[in-house]
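Heads up, coords10.csv below (CSV, C-alpha atoms):
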chain,number,residue,atom,x,y,z
A,16,MET,CA,54.7,71.0,131.4
A,17,LYS,CA,54.2,68.9,128.4
A,18,ILE,CA,56.9,68.3,125.8
A,19,LEU,CA,54.7,70.0,123.1
A,20,HIS,CA,54.5,73.2,125.2
A,21,ARG,CA,58.3,73.2,125.6
A,22,ILE,CA,58.9,72.8,121.9
A,23,GLY,CA,56.3,75.6,121.2
A,24,TYR,CA,58.0,78.0,123.6
A,25,TYR,CA,61.4,77.1,122.1
A,26,LEU,CA,60.3,77.7,118.5
A,27,GLY,CA,58.5,80.9,119.5
A,28,GLY,CA,61.6,82.3,121.1
A,29,PHE,CA,63.8,81.1,118.3
A,30,SER,CA,61.6,82.8,115.7
A,31,ILE,CA,61.5,86.1,117.6
A,32,GLY,CA,65.3,86.0,117.8
A,33,LEU,CA,65.6,85.4,114.1
A,34,VAL,CA,63.3,88.3,113.3
A,35,LEU,CA,65.3,90.6,115.6
A,36,LEU,CA,68.6,89.5,114.1
A,37,ALA,CA,67.3,90.1,110.6
A,38,PHE,CA,66.1,93.6,111.7
A,39,PHE,CA,69.4,94.7,113.2
A,40,LEU,CA,71.7,93.3,110.5
A,41,ASN,CA,69.6,94.3,107.5
A,42,GLY,CA,71.5,96.6,105.1
A,43,ARG,CA,74.7,96.8,107.1
A,44,GLY,CA,76.8,94.9,104.6
A,45,VAL,CA,77.5,92.0,107.0
A,46,SER,CA,79.3,89.2,105.2
A,47,CYS,CA,80.1,85.7,106.3
A,48,GLU,CA,83.0,84.9,104.1
A,49,TYR,CA,85.1,83.4,106.8
A,50,ASN,CA,87.3,86.5,107.1
A,51,TYR,CA,87.6,86.2,110.9
A,52,GLY,CA,91.3,85.2,111.0
A,53,PRO,CA,94.2,87.7,110.5
A,54,GLU,CA,95.0,86.3,107.1
A,55,GLY,CA,91.5,86.8,105.8
A,56,ARG,CA,91.2,90.3,107.2
A,57,VAL,CA,94.5,91.3,105.6
A,58,LEU,CA,93.5,90.0,102.2
A,59,LYS,CA,90.1,91.7,102.4
A,60,ASN,CA,91.6,94.9,103.5
A,61,ILE,CA,94.0,94.9,100.5
A,62,ARG,CA,91.2,93.9,98.0
A,63,THR,CA,89.0,96.9,99.1
A,64,LYS,CA,91.7,99.5,98.3
A,65,THR,CA,92.9,100.9,95.0
A,66,LEU,CA,95.7,98.7,93.7
A,67,HIS,CA,98.7,100.4,92.2
A,68,PHE,CA,101.6,98.8,90.5
A,69,SER,CA,105.3,99.5,90.9
A,70,VAL,CA,107.6,99.8,87.9
A,71,ASP,CA,108.8,96.2,88.3
A,72,SER,CA,105.3,94.8,88.6
A,73,GLN,CA,104.0,96.9,85.7
A,74,ALA,CA,106.8,95.5,83.5
A,75,LEU,CA,105.6,92.0,84.2
A,76,LEU,CA,102.0,93.0,83.4
A,77,ASP,CA,103.2,94.6,80.2
A,78,THR,CA,105.0,91.4,79.1
A,79,LYS,CA,101.9,89.4,79.8
A,80,ALA,CA,103.7,87.2,82.4
A,81,ILE,CA,100.7,87.7,84.6
A,82,ASP,CA,97.3,89.5,84.2
A,83,THR,CA,95.2,91.4,86.7
A,84,SER,CA,92.6,88.6,86.9
A,85,ALA,CA,95.3,86.3,88.3
A,86,ILE,CA,96.4,88.9,90.8
A,87,SER,CA,92.8,89.4,91.9
A,88,TYR,CA,92.4,85.6,92.3
A,89,ILE,CA,95.5,85.3,94.4
A,90,LEU,CA,94.3,88.3,96.5
A,91,LYS,CA,91.1,86.4,97.2
A,92,LYS,CA,92.3,82.8,97.6
A,93,GLY,CA,96.0,83.3,98.4
A,94,ASP,CA,97.9,83.0,101.7
A,95,VAL,CA,99.7,85.6,103.8
A,96,ASP,CA,103.1,84.6,105.3
A,97,PHE,CA,103.4,86.8,108.4
A,98,SER,CA,106.9,85.6,109.1
A,99,LYS,CA,108.1,87.3,105.9
A,100,SER,CA,105.8,90.2,106.2
A,101,GLU,CA,106.3,93.5,108.1
A,102,PRO,CA,102.8,94.6,109.1
A,103,ARG,CA,104.0,97.3,111.6
A,104,LYS,CA,106.5,99.0,109.2
A,105,GLU,CA,106.0,102.8,109.0
A,106,PRO,CA,104.3,104.4,107.2
A,107,CYS,CA,102.8,101.4,105.4
A,108,GLY,CA,102.9,97.7,106.2
A,109,MET,CA,104.5,95.2,103.8
A,110,TYR,CA,102.8,91.8,103.3
A,111,PHE,CA,104.2,88.7,101.6
A,112,ILE,CA,101.3,86.9,99.8
A,113,TYR,CA,101.6,83.7,97.8
A,114,GLY,CA,99.2,81.6,95.9
A,115,GLU,CA,98.3,79.5,92.9
A,116,THR,CA,96.1,80.7,90.0
A,117,LYS,CA,93.4,78.7,88.3
A,118,ASP,CA,95.9,77.5,85.7
A,119,SER,CA,98.3,76.1,88.4
A,120,LYS,CA,100.9,78.8,88.2
A,121,ASN,CA,102.5,79.9,91.5
A,122,TYR,CA,103.2,83.5,92.4
A,123,GLU,CA,104.6,85.5,95.3
A,124,PHE,CA,103.8,89.1,95.9
A,125,TYR,CA,105.1,91.8,98.2
A,126,ILE,CA,102.3,94.4,98.7
A,127,GLU,CA,102.7,97.7,100.5
A,128,ASN,CA,99.4,98.3,102.3
A,129,CYS,CA,98.8,102.0,103.1
A,130,ASP,CA,95.7,103.7,104.4
A,131,SER,CA,93.9,104.3,101.0
A,132,ILE,CA,96.0,102.5,98.5
A,133,ALA,CA,97.8,99.2,98.1
A,134,THR,CA,100.9,99.0,96.0
A,135,LEU,CA,102.1,95.8,94.4
A,136,GLN,CA,105.9,96.1,94.8
A,137,THR,CA,107.2,92.8,93.4
A,138,ILE,CA,105.9,89.8,91.7
A,139,LYS,CA,107.8,86.6,91.6
A,140,VAL,CA,106.8,83.8,89.2
A,141,LEU,CA,107.6,80.4,90.7
A,142,ASP,CA,108.3,77.2,88.7
With the file now loaded, output its structure as structure tokens.
Amino acid sequence: MKILHRIGYYLGGFSIGLVLLAFFLNGRGVSCEYNYGPEGRVLKNIRTKTLHFSVDSQALLDTKAIDTSAISYILKKGDVDFSKSEPRKEPCGMYFIYGETKDSKNYEFYIENCDSIATLQTIKVLD
């Protein structure tokens, strides 16, 4: 078989595979945001829920020490420290999340992650 025939068969099969893949994944909300690790899955899970604030965290929001856009940014780009977290705590898991905002301020959060809501328990501003 000539090399041109082999390339033709390869490209034909590859194009059929792409069409089938596009057909099956069309409209399913499939994302490729590198959320395959446990850290990315936890942050995405928290971001999809309604975020409530405890009394302590609401006080920091009221004094303008942090705003909700900084919290959202850290929940997107932050890191989860599983050694300080308690993911199997009943009834809701507790996660320790830390990160740096766009204006180079460091924060630490403890977030209680329940089935339908996530509650920001504590916010710590680092120097």
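Between atom CA of Lys120 of chain A and atom CA of Lys92 of chain A the separation is 13.4 Å.
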Mind listing whatever residues come within 12 Å of the point (96.2, 85.8, 112.1)? Use all atoms listed in the file, file coordinates, and give them as number ranges by chain.
A: 50-58, 94-98, 102
Which residues come within 10 Å of Lys64 of chain A, counting all atoms listed in the file, excluding same-chain residues fewer than 5 positions away, as a PyMOL selection string?
chain A and resi 59+128-134
I want to know what sits within 7 Å of Leu135 of chain A, based on only C-alpha atoms, with residues of the same chain fewer than 3 positions away left out; could you give that as number ranges by chain?
A: 67-69, 72, 125-127
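Atom pair atom CA of Glu123 of chain A / atom CA of Glu105 of chain A has a distance of 22.1 Å (rounded to one decimal).
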If we draw a sphere of 7 Å around (106.1, 88.1, 100.7), which residues have at least one atom in it when counting all atoms listed in the file? Please report them as a PDB file with C-alpha atoms, in the frame of the given file.
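File written: out_25.pdb
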ATOM      1  CA  ASP A  96     103.100  84.600 105.300  1.00  0.00           C
ATOM      2  CA  LYS A  99     108.100  87.300 105.900  1.00  0.00           C
ATOM      3  CA  SER A 100     105.800  90.200 106.200  1.00  0.00           C
ATOM      4  CA  TYR A 110     102.800  91.800 103.300  1.00  0.00           C
ATOM      5  CA  PHE A 111     104.200  88.700 101.600  1.00  0.00           C
ATOM      6  CA  ILE A 112     101.300  86.900  99.800  1.00  0.00           C
ATOM      7  CA  TYR A 113     101.600  83.700  97.800  1.00  0.00           C
ATOM      8  CA  GLU A 123     104.600  85.500  95.300  1.00  0.00           C
ATOM      9  CA  PHE A 124     103.800  89.100  95.900  1.00  0.00           C
ATOM     10  CA  TYR A 125     105.100  91.800  98.200  1.00  0.00           C
TER      11      TYR A 125
END
If I take atom CA of Gly93 of chain A and atom CA of Glu115 of chain A, how far is one from the other in Å, to one decimal?
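Calculated distance between atom CA of Gly93 of chain A and atom CA of Glu115 of chain A is 7.1 Å.
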Rank nothing, just name the residue among A:Leu90, A:Met16, A:Ile81, A:Leu33 nearest to Asp118 of chain A, using only C-alpha atoms.
A:Ile81
Taking only C-alpha atoms into account, name the residue in A:Asp77, A:Asn121, A:Ile61, A:Asp71 that is nearest to Gly108 of chain A.
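Once distances to Gly108 of chain A are computed over only C-alpha atoms, the minimum belongs to A:Ile61.
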